Structure formats: structure tokens, C-alpha cells
Amino acid sequence: MSKALPEAKRIFRRIIIIFLLAIILPSVLLGYFGIYAIENEKIVLKSGIQENHLAVANFVCAQIKEEILKREGKVRRDVNLFLPKDYDSAEASRVMDRLRFLHKIVKESFLLTDQGTLLYPQELSTEGVASGPLSRMPTTIPREEFRKHMELEELYNEGRKLEFSESSPELAIEKYSKVAANDFNEQLAAEAGFSVARCYAKTGDNVRAAESYEKLFDTTPSIRLLAGLPVSLESHLCASSERLAAGETDVAVRLLLDAYSTLLDYGYPLTIDEFRAVSMRIRRAVDSIEEQEKLAAGDRAEYADLQALEDLRLVQDRYARIIKTAFLPQLVEAFAKLAAVPQTGRHLSVDASGEKVTVMFFFPFNVGTVDGRPVRYLYGCVLNTDYIRKLAQEQVSGGRFEEGLVVLVRSADQVMAVSPGAPEAFAESVENQDQLLSAELPFSEILPHWAIGVYYLNMAKLDQWISRRLLSHVVTVLLLIVVILVGVFLSLRGISRELELAKMKSDFVSNVSHELKTPLTSIRMFAEMLKSGRVKSPAKQQEYFELMTAESERLSRLISNVLDFAKVEAGRKKYNFVALDANEIMKEAAQIIQPHVHQHGFDMTLTPSVEPMPIMGDKDSLEQVLLNILNNAVKYSGETKDIRLRAYANGENAVIDVEDKGVGISEEEIPKIFTKFYRADSRPGYQSAGAGLGLTLAHQIVEAHGGTIKVKSSLGRGSTFSIVLPLARGGDGPEDGQALRPV
């Protein structure tokens, strides 16, 4: 047996290594590769979704771009159709207005020459216009004329003295009128004529004042007053005031509207500030008249048209400045590269004063003339982003997209178009929605600051689904590993038990062989001694015969235990239940084992119950239980060789105690002593051979009788085995007056 245990341990370790290499390691690798595969699947799935969404964005972009190019093509067609060969500013203005009216995609048109001159639109202010009045005296003048000019200047100053210092406007009129009648100095004559009208106004003669102002309407626009405005413009405004004071409201309004119209038709060389100031004066005057409900319906309509024209002129002025400052260098460069052949529409985008401006430009087919000089035109238009926004919304609204998909056209953080069914937040702003962005691409070269984004509202659900799938896979793998580990544990436990059982069986065979060999050796030895005739004493011979009988009975009990155990294990053990007395069972067993007990020097004391204890049982089996326990008491004896048997009734049970003063049993081993093949050899200082079946068989027999075996023991103090059997009830025992069956 010394070699069997290490061999079993080696086999056990080998099995564990096989399990680790063949099951645990592949399971762990399977789990790892499963999780890795799911992560890859997640990446592939998201990549596929993004590719599909990018295709959606490309499709929407192509649709919107196609609509824009279609409308730009119509603009190019009409430009080639309507643009006059010989440039005329009025005709060009009509063509541009017509293009803006026919094509909503055109916000404003412009026209350049191949020299980079901006023909249309004009700026409201003329570069080089002086802010003050022009000089009233020519730079070079003959002496005689100089003397005459000084006389007029002196006469003009006399008039101013009379008007302002002496408060005599009537006398000042005479002086001013003489200066105004000269044709030598147009500037001084205009100022004097304006002073005449002013003096008539001071005298209260509004009609003559108005007439005097009206005489100055045809004054050259370049001639300005000391106040800085052209005389012709200021005279219109002042004449209107005088007519209004004279009660001639219709005439006053007509003068204001004529001045307004001339102003908007670039009739006066003004700076932008002067333009705005004059426009404000005119509008305040007309609005005041309108508030008094003195404005005729026709004048009101004309006034509204002029206001709209002013707004247009301001827009044109703004875009003219943008074209000259932001686009002109690039357009001139485009002339140098592309002017050789007619071109289709090209696009440029710039950031002008915080606004993204995009223009479409091309070279018309016809070559025109400006002031009789042949030039090549470049036509361009500022694209109307509000209209393009509507086109984008139409295309996005008409698309059929999968559920949970939002297509959004945006510029910076401003939403330009959004597909139907989008949450309200998408129509307001795209901030804090980047986590939903699935795919995005620039709109096109037409509007590079626009972008088309595809948002997947189910992205969170997709992530949750992937996470749940990953979690379920991980849980499945973990459960698989746990099941495998449990299976490995149970298998190893079963193998361990099988190895332990194999060891027990090996020990059992060895011990049974030893147990069989010992009584056979004794019987053979005594038989040979008796046969040889060396034992002469009858008493001694009788003793040998008794020993041989005891050993044979011991051998018989051992064989019976093995046979009965085999029957119990196979389920073939049968019991013959009859009415018995527990006291008699105890006595019979004590009588059978008496020679064996005395042979080993034990004293055995019996204490039967005073009253009979009727039970139902198999006599031979119950005796075998007691004999096995008594045999163990002898086998595991200590220095005190004392065995006590006691029978008593405890409630509804009959109890037979077998008490010894042997080596005892530890608390850890008590639950194991009824296990088959188990022998308590581990108790310190004591080892004994045996089959390990006696207590197992005793326990099974007592349980078959409906009873139990209880053990009380402590190391070094002995043990007490209590056989508890149920007492026979009225119907189970003998009838009244009938004696128990003797045993």
C-alpha cells in the first residue's frame, strides 16, 4: 500500500493537468476570442452603418447640387440672351433687375470687364468726392477777370453782412441777385442764387423763395454749397419745404420724390454718409406729410417703391464693395487663366464681414464694348442662400430615409434643412448632438461652408444592443467556464472518490485476507498440536477445542459480514421480522462473543432491562449488529479492558448500549465510521487491521429495522454505541398472555 498512494496521487495530478490543458485553457481562449470577435463585429457593424449613411449624405448632396446647377444654367442662358453687346449702364441695370426677378437663386448680379473694372452694381458713394465746397475762383485767371471776380466776391460779402449782421434780408436780396446774375463764376453764382432764395424765405415770401430755389435745379451736380451738399440737391429739399409752408403739399411731395429718385439713380456725387443723411431727411419729410394724411395714393405708392429701391441700392452698394475687396483679385486672376474660351459656372466663397458669401461667375459668349472699346465681360451673381436653403429642405423633405435617421444640412451651428420626423431640437440647433452624428461631408464646392450630416437616433440603442450582446456572450462564456469548472470539480471529486474507493477496496482485500488468514492459522496451529499428541492434558485439549471453535466462529462472522454487505449493496438482503425481546438479543450476542472476549482478557458486564422490551426484528441480523460492535470494542481496546452492555426502554424505543474504555474516536471521524471500507487508522498511537465493513453493515441493518445507531466518544476515554430500535406496538408484538419467542 505504500506504493499505491503515491501512484494514485501521480494519476490524480496527471488528470488535473489534462483537464487544465484540454478543457480550461481552451475555454478561456474561446471566451477571449469570442469577446474579441464581438468587438470586431461591433466595429464592422458601425463601419457598415456609417458607410450606408455616408451614401445617403452623398445622394442628398448630389440631389441638392443638381437643383442648384440646373437653376444656374438658366441664369447663364438668360445672361447670354439679354446682356447687350454695347454696354449701357441703364440697360445693364434693367437686365440685372430682370435676372434677379426671374431667378430666385440670384441675390445680386455683378458685371466686370477683363481689366477688372466693376461695371455693375455701382457704389452709392463716388471715390474722390470732396467733403467741402469746391473753390469759387479758378486756379488761373487773367488780371481783368480777377478784378471782376473780386468785385463780385465783395458784393456777395456785402449781401451776407446785410443778411446776417444787419438782419436786412430785403437789402441782401439786391446784392445777392447781382452776383447770381453773373456768368463768370458758376460756383459763386449758385451760392448767391441759393442765398436769394434763403432771404425770400426769411421775409416770409415762401412762394418766391421756392421759385428761387427751383431756378437752381439744373445747376451742375458737382457744384456744392458751403454746407457740403450739391446745390441742385439742397435746392430741391429747400424748395419742397417752402412749397409745403405755402400750403402747396402736392408740389412739395413731388419735389421730395424727384430728389429721392435722382438720389437713388446715382444723380449726385455723394459719400455714403451723405447719402444716408439726405435719404433720412427726405424720408422724415415725407413721413411727416403722410402722418398728416396729406399724401396722395399715387405718391404713397411711388414713395414705397423708392424705399424698396433704396434698400436694393444699399444691398448693391454692400455687394459692390464685397466684390471689389474680396472677389476682384481672384476674378481678375480667373480672367488671366480662363478668358480664352467660354466657361460654365465657377464658384468662389469668402468670409465678408462675418458673412459667408458665395458667387457664381462665368464668361458670356458675346464680347461687348464699353465707350467704344472692345472688352470681354465676366458676369457673376451672389447666390441667394435663403433660396438654396428652401431647395435643400425640399430635397431633404422628399427623401425616404430609414426609421431613426435624420438628414441635416447645416452651416456652422445653423440648421439649413432637416428631414421630417426629426426631434424638435434638430430644427433649432445641432449643438450637443455630436454623439448622434453617424456621417458628415462638406456640401460641395458651391457652398463649402455647408455640410450634410446624417444623425442616427438609434445609435444609443445600437450601442445598448451591442453591449447587451457582448454582455450575454460574456455571461454565456462565463457560465460555460463555470459549468466546465463545476464539471471538472465534480469529475475530479468523482475521480478522487474512485481513487479513494479503489484504495479502500485494496485495503479491504488486504485486510480481509489478513482477517481470514489469522483465524485459519490459529485453527491450523491448534489442530496440528492436537494431532501430534503433544497435548496430553484433557483440560488443555478442551481449551484448544474452545479456541478453535471461537476462531471458526470469528471466521464465520467475517465471512457473514462480507456476504451480508454484498447482499445489501446488491439490494438482495432479506430480513425475517418476528417478535423478539431486546434483552434476549443482547444476552445471546454476549454469549456468542464471550470466548473471544475472555481470550483477550476483557471483563463483560450485562445489565438487562427489568421489563421485557418487545421489538420486531430479524434475530440473526440484530445479533450480527451487536457482535460487530462488540468485536470493535475488543479490537480498539485500551489499557482498561472493560465492556458493558445495558438494555433499557427510552420512551417508545428500546436502547442497547455497548460501552468500552478503549482508545475512543475523534469528533471529526465519528461521521465517517459508518462509511464502507473506512477504518479509523489515523488515531494517534493506534492502528488496527479490519475490513471496514462491520459498522457500515450494522448501520444499514439498524436503519432497515427503523432504528438508529448513536455514538458518544472522546479520544482516550472510550466509546458508547447506542442501538435504538422502536418498541413493538399493540398489533406488532405478541398477543396478551402469549410469551415472547425465546432466543
# chains A, B, ... in the order shown; residues from 1 in each chain; ligands from 1
$ residues_around --residues "Lys390 of chain A" --least-positions-apart "4" --cutoff "12 Å" --atoms "only C-alpha atoms" --output "PyMOL selection string"
chain A and resi 64+67-68+104-105+384-386+394-397+409+415-418
$ write_last_selection --atoms "N, CA, C and O atoms" --output "PDB file, in the first residue's frame"
ATOM      1  N   ILE A  64     -29.317  68.017 -54.202  1.00  0.00           N
ATOM      2  CA  ILE A  64     -29.374  69.473 -53.988  1.00  0.00           C
ATOM      3  C   ILE A  64     -28.475  70.185 -54.992  1.00  0.00           C
ATOM      4  O   ILE A  64     -28.854  71.215 -55.580  1.00  0.00           O
ATOM      5  N   GLU A  67     -30.058  70.471 -58.383  1.00  0.00           N
ATOM      6  CA  GLU A  67     -31.069  71.522 -58.469  1.00  0.00           C
ATOM      7  C   GLU A  67     -30.422  72.902 -58.584  1.00  0.00           C
ATOM      8  O   GLU A  67     -30.890  73.764 -59.352  1.00  0.00           O
ATOM      9  N   ILE A  68     -29.346  73.112 -57.836  1.00  0.00           N
ATOM     10  CA  ILE A  68     -28.665  74.407 -57.900  1.00  0.00           C
ATOM     11  C   ILE A  68     -28.071  74.631 -59.288  1.00  0.00           C
ATOM     12  O   ILE A  68     -28.239  75.704 -59.895  1.00  0.00           O
ATOM     13  N   LYS A 104     -34.747  83.252 -58.613  1.00  0.00           N
ATOM     14  CA  LYS A 104     -34.693  83.484 -57.175  1.00  0.00           C
ATOM     15  C   LYS A 104     -33.347  83.097 -56.575  1.00  0.00           C
ATOM     16  O   LYS A 104     -33.027  83.507 -55.461  1.00  0.00           O
ATOM     17  N   ILE A 105     -32.588  82.317 -57.317  1.00  0.00           N
ATOM     18  CA  ILE A 105     -31.281  81.914 -56.795  1.00  0.00           C
ATOM     19  C   ILE A 105     -30.287  83.071 -56.841  1.00  0.00           C
ATOM     20  O   ILE A 105     -29.245  83.040 -56.181  1.00  0.00           O
ATOM     21  N   ASN A 384     -28.300  83.310 -53.604  1.00  0.00           N
ATOM     22  CA  ASN A 384     -29.286  83.545 -52.551  1.00  0.00           C
ATOM     23  C   ASN A 384     -29.359  82.302 -51.663  1.00  0.00           C
ATOM     24  O   ASN A 384     -30.006  81.316 -52.006  1.00  0.00           O
ATOM     25  N   THR A 385     -28.678  82.332 -50.531  1.00  0.00           N
ATOM     26  CA  THR A 385     -28.625  81.144 -49.661  1.00  0.00           C
ATOM     27  C   THR A 385     -29.987  80.814 -49.062  1.00  0.00           C
ATOM     28  O   THR A 385     -30.264  79.649 -48.757  1.00  0.00           O
ATOM     29  N   ASP A 386     -30.845  81.829 -48.889  1.00  0.00           N
ATOM     30  CA  ASP A 386     -32.189  81.541 -48.373  1.00  0.00           C
ATOM     31  C   ASP A 386     -32.971  80.679 -49.362  1.00  0.00           C
ATOM     32  O   ASP A 386     -33.699  79.751 -48.961  1.00  0.00           O
ATOM     33  N   GLU A 394     -36.577  71.096 -49.571  1.00  0.00           N
ATOM     34  CA  GLU A 394     -37.454  70.310 -50.455  1.00  0.00           C
ATOM     35  C   GLU A 394     -36.857  68.938 -50.739  1.00  0.00           C
ATOM     36  O   GLU A 394     -37.562  67.922 -50.714  1.00  0.00           O
ATOM     37  N   GLN A 395     -35.559  68.903 -51.023  1.00  0.00           N
ATOM     38  CA  GLN A 395     -34.923  67.627 -51.336  1.00  0.00           C
ATOM     39  C   GLN A 395     -34.860  66.723 -50.104  1.00  0.00           C
ATOM     40  O   GLN A 395     -35.103  65.518 -50.189  1.00  0.00           O
ATOM     41  N   VAL A 396     -34.551  67.313 -48.963  1.00  0.00           N
ATOM     42  CA  VAL A 396     -34.478  66.514 -47.734  1.00  0.00           C
ATOM     43  C   VAL A 396     -35.862  66.028 -47.324  1.00  0.00           C
ATOM     44  O   VAL A 396     -36.028  64.886 -46.891  1.00  0.00           O
ATOM     45  N   SER A 397     -36.864  66.894 -47.472  1.00  0.00           N
ATOM     46  CA  SER A 397     -38.224  66.508 -47.088  1.00  0.00           C
ATOM     47  C   SER A 397     -38.778  65.426 -48.002  1.00  0.00           C
ATOM     48  O   SER A 397     -39.601  64.609 -47.583  1.00  0.00           O
ATOM     49  N   VAL A 409     -28.845  69.518 -43.063  1.00  0.00           N
ATOM     50  CA  VAL A 409     -27.923  70.410 -43.778  1.00  0.00           C
ATOM     51  C   VAL A 409     -27.664  71.599 -42.861  1.00  0.00           C
ATOM     52  O   VAL A 409     -28.615  72.232 -42.384  1.00  0.00           O
ATOM     53  N   VAL A 415     -28.984  75.495 -38.584  1.00  0.00           N
ATOM     54  CA  VAL A 415     -29.671  74.455 -39.346  1.00  0.00           C
ATOM     55  C   VAL A 415     -30.260  75.067 -40.608  1.00  0.00           C
ATOM     56  O   VAL A 415     -31.013  76.039 -40.547  1.00  0.00           O
ATOM     57  N   MET A 416     -29.900  74.488 -41.755  1.00  0.00           N
ATOM     58  CA  MET A 416     -30.424  74.956 -43.033  1.00  0.00           C
ATOM     59  C   MET A 416     -31.607  74.110 -43.506  1.00  0.00           C
ATOM     60  O   MET A 416     -32.552  74.622 -44.096  1.00  0.00           O
ATOM     61  N   ALA A 417     -31.530  72.819 -43.292  1.00  0.00           N
ATOM     62  CA  ALA A 417     -32.612  71.921 -43.694  1.00  0.00           C
ATOM     63  C   ALA A 417     -32.516  70.668 -42.839  1.00  0.00           C
ATOM     64  O   ALA A 417     -31.425  70.249 -42.460  1.00  0.00           O
ATOM     65  N   VAL A 418     -33.669  70.083 -42.546  1.00  0.00           N
ATOM     66  CA  VAL A 418     -33.691  68.886 -41.718  1.00  0.00           C
ATOM     67  C   VAL A 418     -34.818  67.988 -42.209  1.00  0.00           C
ATOM     68  O   VAL A 418     -35.871  68.462 -42.645  1.00  0.00           O
TER      69      VAL A 418
END
$ residues_around --residues "Val711 of chain A" --least-positions-apart "5" --cutoff "8 Å" --atoms "only C-alpha atoms" --output "list in words"
Ile670, Ser719, Thr720, Phe721 and Ser722 of chain A
$ residues_around --residues "segment 665-667 of chain A" --least-positions-apart "3" --cutoff "10 Å" --atoms "only C-alpha atoms" --output "compact mmCIF listing (two decimals) with C-alpha atoms, in the first residue's frame"
# COMPACT_ATOMS: atom_id res chain seq x y z
CA TYR A 636 -9.93 -0.94 19.74
CA GLY A 662 -10.87 1.88 24.58
CA ILE A 670 -17.44 9.94 14.05
CA PRO A 671 -19.44 10.86 10.88
CA LYS A 672 -17.06 8.67 8.80
CA ILE A 673 -17.00 5.44 10.79
CA ALA A 680 -10.10 4.81 11.83
CA SER A 682 -5.45 7.75 11.83
CA ARG A 683 -5.96 7.88 15.56
CA VAL A 711 -22.14 7.27 19.09
CA LYS A 712 -20.61 9.14 22.00
CA SER A 713 -16.85 9.06 22.16
CA SER A 714 -13.74 11.01 23.04
CA LEU A 715 -10.12 10.13 22.44
CA GLY A 716 -8.53 8.13 25.28
CA ARG A 717 -11.80 7.69 27.20
CA GLY A 718 -13.65 5.06 25.23
CA SER A 719 -16.84 4.97 23.23
$ closest_residue --among "A:Ile701, A:Val332, A:Val357, A:Leu478" --to "Lys619 of chain A" --atoms "only C-alpha atoms"
A:Ile701
$ atom_distance --atom1 "atom CA of Leu306 of chain A" --atom2 "atom CA of Lys215 of chain A"
25.1 Å
$ closest_residue --among "A:Thr344, A:Asn40, A:Asn182, A:Ser261" --to "Gln307 of chain A" --atoms "only C-alpha atoms"
A:Ser261
$ select_by_dssp --residues "segment 189-373 of chain A" --states "helix (DSSP H, G or I)" --output "number ranges by chain"
A: 189-203, 206-214, 231-245, 249-264, 272-291, 297-338
$ atom_distance --atom1 "atom CA of Glu274 of chain A" --atom2 "atom CA of Cys238 of chain A"
16.4 Å
$ residues_around --residues "segment 71-74 of chain A" --least-positions-apart "2" --cutoff "12 Å" --atoms "only C-alpha atoms" --output "NGL selection string"
:A and (64-69 or 76-81 or 99 or 102-106 or 343-347 or 359-362 or 380-384 or 387-388 or 391 or 446)
$ select_by_dssp --residues "segment 342-482 of chain A" --states "strand (DSSP E or B)" --output "JSON, numbers by chain"
{"A": [346, 347, 348, 349, 350, 351, 352, 355, 356, 357, 358, 359, 360, 361, 362, 367, 368, 369, 370, 373, 374, 375, 376, 377, 378, 379, 380, 381, 382, 383, 405, 406, 407, 408, 409, 410, 411, 414, 415, 416, 417, 418, 437, 438, 439, 440, 441, 442, 450, 451, 452, 453, 454, 455, 456]}
$ atom_distance --atom1 "atom CA of Ser532 of chain A" --atom2 "atom CA of Tyr544 of chain A"
13.3 Å
$ residues_around --residues "Gln591 of chain A" --least-positions-apart "3" --cutoff "12 Å" --atoms "only C-alpha atoms" --output "ChimeraX atom specification"
/A:550,584-588,594-598,604-606,623,626-627,630,645,743
$ write_last_selection --atoms "C-alpha atoms" --output "PDB file, in the first residue's frame"
ATOM      1  CA  ALA A 550     -14.074 -19.359  18.769  1.00  0.00           C
ATOM      2  CA  GLU A 584     -32.594 -11.688  24.904  1.00  0.00           C
ATOM      3  CA  ILE A 585     -30.864 -10.375  21.778  1.00  0.00           C
ATOM      4  CA  MET A 586     -28.271  -8.685  23.980  1.00  0.00           C
ATOM      5  CA  LYS A 587     -27.734 -11.846  26.059  1.00  0.00           C
ATOM      6  CA  GLU A 588     -27.465 -14.105  23.005  1.00  0.00           C
ATOM      7  CA  GLN A 594     -17.874 -14.493  25.352  1.00  0.00           C
ATOM      8  CA  PRO A 595     -14.939 -16.836  24.410  1.00  0.00           C
ATOM      9  CA  HIS A 596     -13.402 -14.193  22.165  1.00  0.00           C
ATOM     10  CA  VAL A 597     -13.759 -11.538  24.837  1.00  0.00           C
ATOM     11  CA  HIS A 598     -12.253 -13.707  27.555  1.00  0.00           C
ATOM     12  CA  MET A 604     -18.014  -8.012  30.096  1.00  0.00           C
ATOM     13  CA  THR A 605     -20.924  -6.834  32.234  1.00  0.00           C
ATOM     14  CA  LEU A 606     -24.587  -7.180  31.179  1.00  0.00           C
ATOM     15  CA  GLU A 623     -27.159 -10.274  16.765  1.00  0.00           C
ATOM     16  CA  LEU A 626     -24.149  -6.373  18.396  1.00  0.00           C
ATOM     17  CA  LEU A 627     -21.346  -8.822  17.566  1.00  0.00           C
ATOM     18  CA  LEU A 630     -18.536  -5.841  20.492  1.00  0.00           C
ATOM     19  CA  LEU A 645     -23.833  -3.894  27.859  1.00  0.00           C
ATOM     20  CA  VAL A 743     -33.986 -16.892  21.661  1.00  0.00           C
TER      21      VAL A 743
END
$ closest_residue --among "A:Leu171, A:Val286, A:Val179, A:Leu229" --to "Ser241 of chain A" --atoms "only C-alpha atoms"
A:Val286
